[in-house]
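Chemist: Pasting target-v1.pdb below, which is PDB, C-alpha atoms and all ligand atoms.
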ATOM      1  CA  MET E   1      70.624  94.168 177.652  1.00  0.00           C
ATOM      2  CA  THR E   2      69.852  90.668 176.393  1.00  0.00           C
ATOM      3  CA  GLY E   3      71.369  87.467 177.767  1.00  0.00           C
ATOM      4  CA  MET E   4      73.159  86.807 174.475  1.00  0.00           C
ATOM      5  CA  THR E   5      76.486  84.947 174.820  1.00  0.00           C
ATOM      6  CA  VAL E   6      79.483  86.783 173.397  1.00  0.00           C
ATOM      7  CA  HIS E   7      82.443  84.618 172.374  1.00  0.00           C
ATOM      8  CA  MET E   8      85.805  86.355 172.417  1.00  0.00           C
ATOM      9  CA  THR E   9      89.402  85.574 171.515  1.00  0.00           C
ATOM     10  CA  HIS E  10      92.575  87.679 171.187  1.00  0.00           C
ATOM     11  CA  PHE E  11      94.787  86.640 168.331  1.00  0.00           C
ATOM     12  CA  ALA E  12      97.749  88.748 169.506  1.00  0.00           C
ATOM     13  CA  GLU E  13      98.120  86.666 172.660  1.00  0.00           C
ATOM     14  CA  LYS E  14      97.902  83.099 171.409  1.00  0.00           C
ATOM     15  CA  PRO E  15      98.312  81.067 168.242  1.00  0.00           C
ATOM     16  CA  MET E  16      95.520  81.843 165.821  1.00  0.00           C
ATOM     17  CA  ASP E  17      92.453  79.666 166.229  1.00  0.00           C
ATOM     18  CA  ALA E  18      91.394  79.280 162.585  1.00  0.00           C
ATOM     19  CA  ARG E  19      88.059  77.679 163.488  1.00  0.00           C
ATOM     20  CA  TYR E  20      87.162  80.588 165.766  1.00  0.00           C
ATOM     21  CA  LEU E  21      88.133  83.184 163.169  1.00  0.00           C
ATOM     22  CA  ARG E  22      86.141  81.367 160.485  1.00  0.00           C
ATOM     23  CA  ASN E  23      83.088  81.373 162.781  1.00  0.00           C
ATOM     24  CA  ALA E  24      83.484  85.109 163.362  1.00  0.00           C
ATOM     25  CA  PHE E  25      83.926  85.828 159.628  1.00  0.00           C
ATOM     26  CA  GLY E  26      80.795  83.746 159.018  1.00  0.00           C
ATOM     27  CA  ARG E  27      78.671  86.248 160.962  1.00  0.00           C
ATOM     28  CA  PHE E  28      79.067  88.586 158.002  1.00  0.00           C
ATOM     29  CA  ALA E  29      76.196  87.485 155.731  1.00  0.00           C
ATOM     30  CA  THR E  30      77.001  87.474 152.027  1.00  0.00           C
ATOM     31  CA  GLY E  31      75.558  86.541 148.686  1.00  0.00           C
ATOM     32  CA  VAL E  32      77.012  83.514 146.938  1.00  0.00           C
ATOM     33  CA  THR E  33      78.759  83.556 143.567  1.00  0.00           C
ATOM     34  CA  VAL E  34      80.316  81.018 141.251  1.00  0.00           C
ATOM     35  CA  ILE E  35      83.399  82.500 139.615  1.00  0.00           C
ATOM     36  CA  THR E  36      84.446  80.943 136.330  1.00  0.00           C
ATOM     37  CA  THR E  37      87.065  81.132 133.641  1.00  0.00           C
ATOM     38  CA  ARG E  38      88.214  79.252 130.551  1.00  0.00           C
ATOM     39  CA  THR E  39      91.941  78.554 130.569  1.00  0.00           C
ATOM     40  CA  ALA E  40      94.268  78.920 127.582  1.00  0.00           C
ATOM     41  CA  SER E  41      94.069  75.138 127.101  1.00  0.00           C
ATOM     42  CA  GLY E  42      90.261  75.353 126.933  1.00  0.00           C
ATOM     43  CA  LYS E  43      89.446  73.920 130.388  1.00  0.00           C
ATOM     44  CA  PHE E  44      86.486  75.437 132.237  1.00  0.00           C
ATOM     45  CA  GLU E  45      87.210  76.320 135.875  1.00  0.00           C
ATOM     46  CA  GLY E  46      84.672  77.418 138.467  1.00  0.00           C
ATOM     47  CA  LEU E  47      84.358  77.686 142.227  1.00  0.00           C
ATOM     48  CA  THR E  48      81.876  78.853 144.823  1.00  0.00           C
ATOM     49  CA  ALA E  49      83.053  82.177 146.279  1.00  0.00           C
ATOM     50  CA  ASN E  50      81.565  84.596 148.782  1.00  0.00           C
ATOM     51  CA  SER E  51      84.607  86.898 148.886  1.00  0.00           C
ATOM     52  CA  PHE E  52      83.171  88.796 145.907  1.00  0.00           C
ATOM     53  CA  ALA E  53      82.599  92.527 146.399  1.00  0.00           C
ATOM     54  CA  ALA E  54      81.821  95.550 144.282  1.00  0.00           C
ATOM     55  CA  VAL E  55      84.775  97.961 144.419  1.00  0.00           C
ATOM     56  CA  SER E  56      84.136 100.925 142.123  1.00  0.00           C
ATOM     57  CA  LEU E  57      81.484 102.301 139.749  1.00  0.00           C
ATOM     58  CA  ASP E  58      83.851 104.478 137.707  1.00  0.00           C
ATOM     59  CA  PRO E  59      85.837 102.654 136.547  1.00  0.00           C
ATOM     60  CA  PRO E  60      83.653  99.553 137.065  1.00  0.00           C
ATOM     61  CA  LEU E  61      85.714  97.276 139.329  1.00  0.00           C
ATOM     62  CA  VAL E  62      85.007  94.178 141.424  1.00  0.00           C
ATOM     63  CA  CYS E  63      87.234  91.990 143.597  1.00  0.00           C
ATOM     64  CA  TRP E  64      87.344  88.487 145.053  1.00  0.00           C
ATOM     65  CA  SER E  65      90.005  86.282 146.613  1.00  0.00           C
ATOM     66  CA  LEU E  66      91.125  82.764 145.692  1.00  0.00           C
ATOM     67  CA  LYS E  67      92.761  80.311 148.073  1.00  0.00           C
ATOM     68  CA  ARG E  68      96.268  79.562 146.834  1.00  0.00           C
ATOM     69  CA  THR E  69      95.908  75.809 147.345  1.00  0.00           C
ATOM     70  CA  SER E  70      92.749  75.618 145.188  1.00  0.00           C
ATOM     71  CA  GLY E  71      92.957  73.270 142.219  1.00  0.00           C
ATOM     72  CA  SER E  72      91.798  76.076 139.933  1.00  0.00           C
ATOM     73  CA  PHE E  73      94.455  78.532 141.169  1.00  0.00           C
ATOM     74  CA  GLY E  74      96.838  78.045 138.219  1.00  0.00           C
ATOM     75  CA  GLY E  75      93.994  78.433 135.726  1.00  0.00           C
ATOM     76  CA  PHE E  76      92.676  81.695 137.186  1.00  0.00           C
ATOM     77  CA  PHE E  77      96.204  83.055 137.700  1.00  0.00           C
ATOM     78  CA  ALA E  78      97.177  82.502 134.055  1.00  0.00           C
ATOM     79  CA  ALA E  79      93.850  83.604 132.558  1.00  0.00           C
ATOM     80  CA  ASN E  80      93.414  87.348 132.173  1.00  0.00           C
ATOM     81  CA  HIS E  81      89.654  87.211 132.564  1.00  0.00           C
ATOM     82  CA  PHE E  82      86.887  85.745 134.736  1.00  0.00           C
ATOM     83  CA  ALA E  83      83.109  85.817 135.074  1.00  0.00           C
ATOM     84  CA  VAL E  84      81.139  86.236 138.300  1.00  0.00           C
ATOM     85  CA  ASN E  85      77.756  84.468 138.521  1.00  0.00           C
ATOM     86  CA  VAL E  86      75.593  85.743 141.388  1.00  0.00           C
ATOM     87  CA  LEU E  87      73.437  82.810 142.502  1.00  0.00           C
ATOM     88  CA  ALA E  88      69.679  83.010 142.894  1.00  0.00           C
ATOM     89  CA  ALA E  89      68.018  81.164 145.794  1.00  0.00           C
ATOM     90  CA  HIS E  90      66.822  78.369 143.485  1.00  0.00           C
ATOM     91  CA  GLN E  91      70.458  77.694 142.479  1.00  0.00           C
ATOM     92  CA  HIS E  92      71.471  76.604 146.013  1.00  0.00           C
ATOM     93  CA  ALA E  93      72.611  73.170 144.767  1.00  0.00           C
ATOM     94  CA  LEU E  94      75.294  74.903 142.663  1.00  0.00           C
ATOM     95  CA  CYS E  95      76.890  76.253 145.848  1.00  0.00           C
ATOM     96  CA  ARG E  96      77.863  72.756 147.003  1.00  0.00           C
ATOM     97  CA  HIS E  97      78.584  71.556 143.467  1.00  0.00           C
ATOM     98  CA  PHE E  98      81.185  74.266 142.811  1.00  0.00           C
ATOM     99  CA  ASN E  99      82.612  73.891 146.317  1.00  0.00           C
ATOM    100  CA  THR E 100      83.497  70.256 145.583  1.00  0.00           C
ATOM    101  CA  PRO E 101      86.713  69.553 143.656  1.00  0.00           C
ATOM    102  CA  ARG E 102      86.220  67.339 140.600  1.00  0.00           C
ATOM    103  CA  LEU E 103      87.786  66.927 137.189  1.00  0.00           C
ATOM    104  CA  ASP E 104      84.967  68.521 135.197  1.00  0.00           C
ATOM    105  CA  LYS E 105      82.569  70.642 137.240  1.00  0.00           C
ATOM    106  CA  PHE E 106      80.640  71.701 134.118  1.00  0.00           C
ATOM    107  CA  GLU E 107      79.388  68.321 133.008  1.00  0.00           C
ATOM    108  CA  ASP E 108      75.542  68.408 133.258  1.00  0.00           C
ATOM    109  CA  ILE E 109      75.557  72.124 134.149  1.00  0.00           C
ATOM    110  CA  ALA E 110      73.594  74.555 131.953  1.00  0.00           C
ATOM    111  CA  PHE E 111      75.739  77.487 130.854  1.00  0.00           C
ATOM    112  CA  ALA E 112      76.603  79.760 127.939  1.00  0.00           C
ATOM    113  CA  GLU E 113      80.114  80.840 127.051  1.00  0.00           C
ATOM    114  CA  GLY E 114      80.763  84.514 127.712  1.00  0.00           C
ATOM    115  CA  MET E 115      83.808  86.665 127.056  1.00  0.00           C
ATOM    116  CA  HIS E 116      86.824  84.467 126.202  1.00  0.00           C
ATOM    117  CA  GLY E 117      84.648  81.429 126.881  1.00  0.00           C
ATOM    118  CA  ALA E 118      84.122  81.949 130.635  1.00  0.00           C
ATOM    119  CA  PRO E 119      80.959  80.016 131.647  1.00  0.00           C
ATOM    120  CA  LEU E 120      77.818  82.058 132.426  1.00  0.00           C
ATOM    121  CA  LEU E 121      75.509  79.827 134.471  1.00  0.00           C
ATOM    122  CA  THR E 122      71.913  79.718 133.266  1.00  0.00           C
ATOM    123  CA  GLY E 123      69.506  81.309 135.748  1.00  0.00           C
ATOM    124  CA  SER E 124      72.050  83.466 137.585  1.00  0.00           C
ATOM    125  CA  LEU E 125      70.686  86.620 139.189  1.00  0.00           C
ATOM    126  CA  ALA E 126      73.541  88.736 137.811  1.00  0.00           C
ATOM    127  CA  THR E 127      76.705  88.145 135.820  1.00  0.00           C
ATOM    128  CA  PHE E 128      79.848  90.242 135.587  1.00  0.00           C
ATOM    129  CA  GLU E 129      82.299  89.472 132.796  1.00  0.00           C
ATOM    130  CA  CYS E 130      85.658  90.887 133.785  1.00  0.00           C
ATOM    131  CA  ARG E 131      89.174  91.481 132.572  1.00  0.00           C
ATOM    132  CA  THR E 132      91.697  90.883 135.359  1.00  0.00           C
ATOM    133  CA  GLU E 133      93.011  94.376 136.137  1.00  0.00           C
ATOM    134  CA  ASN E 134      95.306  93.504 139.042  1.00  0.00           C
ATOM    135  CA  THR E 135      96.175  90.864 141.628  1.00  0.00           C
ATOM    136  CA  PHE E 136      97.313  91.486 145.214  1.00  0.00           C
ATOM    137  CA  GLU E 137      98.850  89.299 147.909  1.00  0.00           C
ATOM    138  CA  GLY E 138      96.264  88.373 150.511  1.00  0.00           C
ATOM    139  CA  GLY E 139      97.880  85.883 152.876  1.00  0.00           C
ATOM    140  CA  ASP E 140      96.767  82.374 151.963  1.00  0.00           C
ATOM    141  CA  HIS E 141      94.549  83.917 149.227  1.00  0.00           C
ATOM    142  CA  LEU E 142      95.294  85.960 146.107  1.00  0.00           C
ATOM    143  CA  ILE E 143      93.050  88.978 145.590  1.00  0.00           C
ATOM    144  CA  PHE E 144      91.792  89.525 142.049  1.00  0.00           C
ATOM    145  CA  VAL E 145      90.560  92.925 140.929  1.00  0.00           C
ATOM    146  CA  GLY E 146      88.595  92.807 137.691  1.00  0.00           C
ATOM    147  CA  ARG E 147      87.277  95.472 135.353  1.00  0.00           C
ATOM    148  CA  VAL E 148      83.676  94.757 134.416  1.00  0.00           C
ATOM    149  CA  VAL E 149      83.316  94.603 130.643  1.00  0.00           C
ATOM    150  CA  ARG E 150      79.715  93.380 130.575  1.00  0.00           C
ATOM    151  CA  ALA E 151      77.062  93.007 133.277  1.00  0.00           C
ATOM    152  CA  THR E 152      73.574  91.516 133.299  1.00  0.00           C
ATOM    153  CA  TYR E 153      70.925  91.188 135.999  1.00  0.00           C
ATOM    154  CA  ARG E 154      67.344  90.105 136.460  1.00  0.00           C
ATOM    155  CA  GLU E 155      64.777  90.138 139.255  1.00  0.00           C
ATOM    156  CA  GLY E 156      64.664  87.221 141.655  1.00  0.00           C
ATOM    157  CA  GLU E 157      65.502  86.039 145.151  1.00  0.00           C
ATOM    158  CA  PRO E 158      69.237  85.957 145.993  1.00  0.00           C
ATOM    159  CA  LEU E 159      70.984  83.090 147.751  1.00  0.00           C
ATOM    160  CA  ILE E 160      72.256  84.377 151.093  1.00  0.00           C
ATOM    161  CA  PHE E 161      74.923  82.650 153.173  1.00  0.00           C
ATOM    162  CA  SER E 162      75.436  83.285 156.880  1.00  0.00           C
ATOM    163  CA  SER E 163      77.253  81.249 159.577  1.00  0.00           C
ATOM    164  CA  GLY E 164      77.564  78.258 157.257  1.00  0.00           C
ATOM    165  CA  ARG E 165      73.871  78.184 156.322  1.00  0.00           C
ATOM    166  CA  PHE E 166      71.593  79.514 153.636  1.00  0.00           C
ATOM    167  CA  CYS E 167      69.115  82.159 154.605  1.00  0.00           C
ATOM    168  CA  LEU E 168      66.224  83.254 152.381  1.00  0.00           C
ATOM    169  CA  PRO E 169      65.303  86.961 152.294  1.00  0.00           C
ATOM    170  CA  SER E 170      61.602  86.068 152.153  1.00  0.00           C
ATOM    171  CA  LEU E 171      61.968  84.442 155.598  1.00  0.00           C
ATOM    172  CA  ILE E 172      63.613  87.593 156.970  1.00  0.00           C
ATOM    173  CA  GLU E 173      60.735  89.687 155.620  1.00  0.00           C
ATOM    174  CA  GLU E 174      58.113  87.383 157.144  1.00  0.00           C
ATOM    175  CA  HIS E 175      59.734  87.716 160.565  1.00  0.00           C
ATOM    176  CA  ALA E 176      60.229  91.475 160.483  1.00  0.00           C
ATOM    177  CA  ALA E 177      57.854  92.901 163.109  1.00  0.00           C
ATOM    178  CA  GLY E 178      55.195  95.169 161.640  1.00  0.00           C
ATOM    179  CA  ASP E 179      56.963  95.148 158.296  1.00  0.00           C
ATOM    180  CA  LYS E 180      54.670  96.206 155.459  1.00  0.00           C
ATOM    181  CA  GLY E 181      57.189  95.030 152.903  1.00  0.00           C
ATOM    182  CA  ARG E 182      60.856  95.301 152.070  1.00  0.00           C
ATOM    183  CA  ALA E 183      62.469  98.452 153.476  1.00  0.00           C
ATOM    184  CA  THR E 184      63.963 100.450 150.630  1.00  0.00           C
ATOM    185  CA  LEU E 185      66.779 102.965 150.452  1.00  0.00           C
ATOM    186  CA  SER E 186      66.652 105.975 148.168  1.00  0.00           C
ATOM    187  CA  GLU E 187      68.747 106.047 144.992  1.00  0.00           C
ATOM    188  CA  ASP E 188      71.287 108.474 146.499  1.00  0.00           C
ATOM    189  CA  TRP E 189      72.105 106.569 149.705  1.00  0.00           C
ATOM    190  CA  GLY E 190      75.808 106.527 148.849  1.00  0.00           C
ATOM    191  CA  GLY E 191      76.482 102.783 148.648  1.00  0.00           C
ATOM    192  CA  LEU E 192      77.802 101.100 145.524  1.00  0.00           C
TER     193      LEU E 192
HETATM  194  C1  LIG E 201      79.774  79.720 150.607  1.00  0.00           C
HETATM  195  C2  LIG E 201      81.201  79.411 150.148  1.00  0.00           C
HETATM  196  C3  LIG E 201      82.042  80.466 149.836  1.00  0.00           C
HETATM  197  C4  LIG E 201      83.366  80.224 149.408  1.00  0.00           C
HETATM  198  N1  LIG E 201      84.157  81.286 149.087  1.00  0.00           N
HETATM  199  C5  LIG E 201      85.414  81.073 148.632  1.00  0.00           C
HETATM  200  C6  LIG E 201      86.226  82.177 148.229  1.00  0.00           C
HETATM  201  O1  LIG E 201      85.827  83.333 148.255  1.00  0.00           O
HETATM  202  N2  LIG E 201      87.490  81.899 147.786  1.00  0.00           N
HETATM  203  C7  LIG E 201      87.975  80.618 147.717  1.00  0.00           C
HETATM  204  O2  LIG E 201      89.132  80.436 147.314  1.00  0.00           O
HETATM  205  N3  LIG E 201      87.219  79.556 148.092  1.00  0.00           N
HETATM  206  C8  LIG E 201      85.951  79.755 148.519  1.00  0.00           C
HETATM  207  N4  LIG E 201      85.164  78.683 148.857  1.00  0.00           N
HETATM  208  C9  LIG E 201      85.704  77.326 148.747  1.00  0.00           C
HETATM  209  C10 LIG E 201      85.794  76.862 147.296  1.00  0.00           C
HETATM  210  O3  LIG E 201      84.529  76.891 146.657  1.00  0.00           O
HETATM  211  C11 LIG E 201      86.357  75.417 147.235  1.00  0.00           C
HETATM  212  O4  LIG E 201      87.611  75.400 147.846  1.00  0.00           O
HETATM  213  C12 LIG E 201      86.446  74.859 145.819  1.00  0.00           C
HETATM  214  O5  LIG E 201      86.628  73.463 145.901  1.00  0.00           O
HETATM  215  C13 LIG E 201      87.593  75.429 145.020  1.00  0.00           C
HETATM  216  O6  LIG E 201      87.465  74.932 143.705  1.00  0.00           O
HETATM  217  P1  LIG E 201      88.683  74.193 142.965  1.00  0.00           P
HETATM  218  O7  LIG E 201      89.100  73.065 143.869  1.00  0.00           O
HETATM  219  O8  LIG E 201      88.092  73.722 141.665  1.00  0.00           O
HETATM  220  O9  LIG E 201      89.754  75.212 142.776  1.00  0.00           O
HETATM  221  C14 LIG E 201      83.846  78.898 149.293  1.00  0.00           C
HETATM  222  C15 LIG E 201      82.982  77.839 149.609  1.00  0.00           C
HETATM  223  C16 LIG E 201      81.668  78.091 150.022  1.00  0.00           C
HETATM  224  C17 LIG E 201      80.746  76.939 150.334  1.00  0.00           C
END
I need this file expressed as structure tokens, please.
Modeler:
Amino acid sequence: MTGMTVHMTHFAEKPMDARYLRNAFGRFATGVTVITTRTASGKFEGLTANSFAAVSLDPPLVCWSLKRTSGSFGGFFAANHFAVNVLAAHQHALCRHFNTPRLDKFEDIAFAEGMHGAPLLTGSLATFECRTENTFEGGDHLIFVGRVVRATYREGEPLIFSSGRFCLPSLIEEHAAGDKGRATLSEDWGGL
């Protein structure tokens, strides 16, 4: 037993402490994506999102959730497509850039136009171009489920986000005791 402090709160018994819940959610380490679209009027939208998840291989489905009060909400809601850009470690500056509301987030950003013009950020580790298959109510967020029409990936170090900070996989590997290299799982391990 270590002397590690465990914080605890019960949401059923008192008004929800949003800060506490956010801290607890933050313990779940994720990759970081920038999700983009091009609206019917031709405006590029894009935001940093770590709610992205793979859902299904057959059919190929992904999901993510968008805060209803986001400036880009109307654009994503009306568009029937979006692109997911999985950020590489060297793209860390894009995380803050696409987390900051501004009129044109794509000025001075290198990208190519993908399906229906959705921006594909240059240097991304993976991209998923999707048709919006369904949306679901998710409290203060709307959940988007997309069917992947085209996917790309390349080798490289992913950007990892945990408890409000970035965390590089190379650092994890260096600190792993007696580790002779990255632990690998066999092809048939059952995950997506
Ligand atoms: C690491 C990280 C992950 C985020 N994930 C999400 C997310 O999944 N959904 C969301 O709506 N906002 C998320 N945000 C916040 C948005 O990026 C932010 O609200 C952005 O300004 C929204 O863009 P918009 O104002 O152009 O709509 C995240 C921010 C960060 C830094």
Chemist: Skip Ser72 in chain E itself and residues of its chain fewer than 4 positions away, then list as a list in words all residues within 8 Å of it, counting only C-alpha atoms.
Modeler: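 Neighbouring residues, sequence-local ones excluded: Glu45, Gly46, Leu47 and Phe76 of chain E.
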Chemist: Kindly compile the residues surrounding ligand LIG 201 (chain E) within 6 Å, counting all atoms listed in the file, and format them as a PyMOL selection string.
Modeler: chain E and resi 32+46-51+65-67+70-73+95+98-101
Chemist: What gap, in Å, lies between CA of Leu120 in chain E and CA of Ala78 in chain E?
Modeler: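 Taking CA of Leu120 in chain E as the start and CA of Ala78 in chain E as the end point, the length is 19.4 Å.
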Chemist: How far is it from CA of Val149 in chain E to CA of Arg38 in chain E, in Å with one decimal?
Modeler: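 So the answer is 16.1 Å.
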Chemist: Return the single residue from E:Asp108, E:Arg150, E:His7, E:Phe136 that is closest to Asn23 in chain E, with distances computed using all atoms listed in the file.
Modeler: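 Of E:Asp108, E:Arg150, E:His7, E:Phe136, the one nearest Asn23 in chain E is E:His7, counting all atoms listed in the file.
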Chemist: Given the choices E:Gly114, E:Pro119, E:Gly191, E:Pro60, which gets closest to Phe44 in chain E if the distance is worked out from only C-alpha atoms?
Modeler: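 Selected residue with least distance to Phe44 in chain E: E:Pro119.
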Chemist: Could you state which residues are captured by the PyMOL selection byres (((chain E and resi 126) around 7) and not hetatm) in this file, as a ChimeraX atom specification?
Modeler: /E:85-86,124-125,127-128,152-154
Chemist: So which residues get picked by the PyMOL selection byres (((chain E and resi 123) around 8) and not hetatm) here, written as a ChimeraX atom specification?
Modeler: /E:87-88,91,121-122,124-125
Chemist: Contacts of Ala118 in chain E at 7 Å or less, counting only C-alpha atoms, minus same-chain residues fewer than 2 places along, as JSON, numbers by chain?
Modeler: {"E": [36, 37, 38, 82, 83, 113, 114, 115, 116, 120]}
Chemist: Grab the CA of Phe25 in chain E to CA of Ser163 in chain E distance for me, in Å with one decimal place.
Modeler: 8.1 Å
Chemist: Expanded to explicit residues, what is the PyMOL selection byres (((chain E and resi 81) around 7) and not hetatm) for this file, as a tab-separated table (two decimals) with C-alpha atoms, in the coordinates of the input?
Modeler:
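Result saved to out28.tsv:
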chain	number	residue	atom	x	y	z
E	37	THR	CA	87.06	81.13	133.64
E	79	ALA	CA	93.85	83.60	132.56
E	80	ASN	CA	93.41	87.35	132.17
E	82	PHE	CA	86.89	85.74	134.74
E	130	CYS	CA	85.66	90.89	133.78
E	131	ARG	CA	89.17	91.48	132.57
E	132	THR	CA	91.70	90.88	135.36
Chemist: Counting all atoms listed in the file, figure out which residue out of E:Leu192, E:Thr9, E:Gly156, E:Arg96 gets nearest to Asp58 in chain E.
Modeler: E:Leu192
Chemist: Around the point (71.7, 85.1, 149.3) (coordinates from the file), which residues reach within 8 Å if we count only C-alpha atoms? Answer as a ChimeraX atom specification.
Modeler: /E:30-32,87-89,157-161,166-169
Chemist: Taking (90.1, 81.6, 170.2) in the coordinates of the supplied file, I want to know which residues reach to within 9 Å of it, counting all atoms listed in the file; could you give the answer as a PyMOL selection string?
Modeler: chain E and resi 7-11+14-21
Chemist: Counting all atoms listed in the file, which of E:His97, E:His141, E:Arg22, E:Arg147 gets nearest to Thr69 in chain E?
Modeler: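 Using all atoms listed in the file, the shortest distance to Thr69 in chain E belongs to E:His141.
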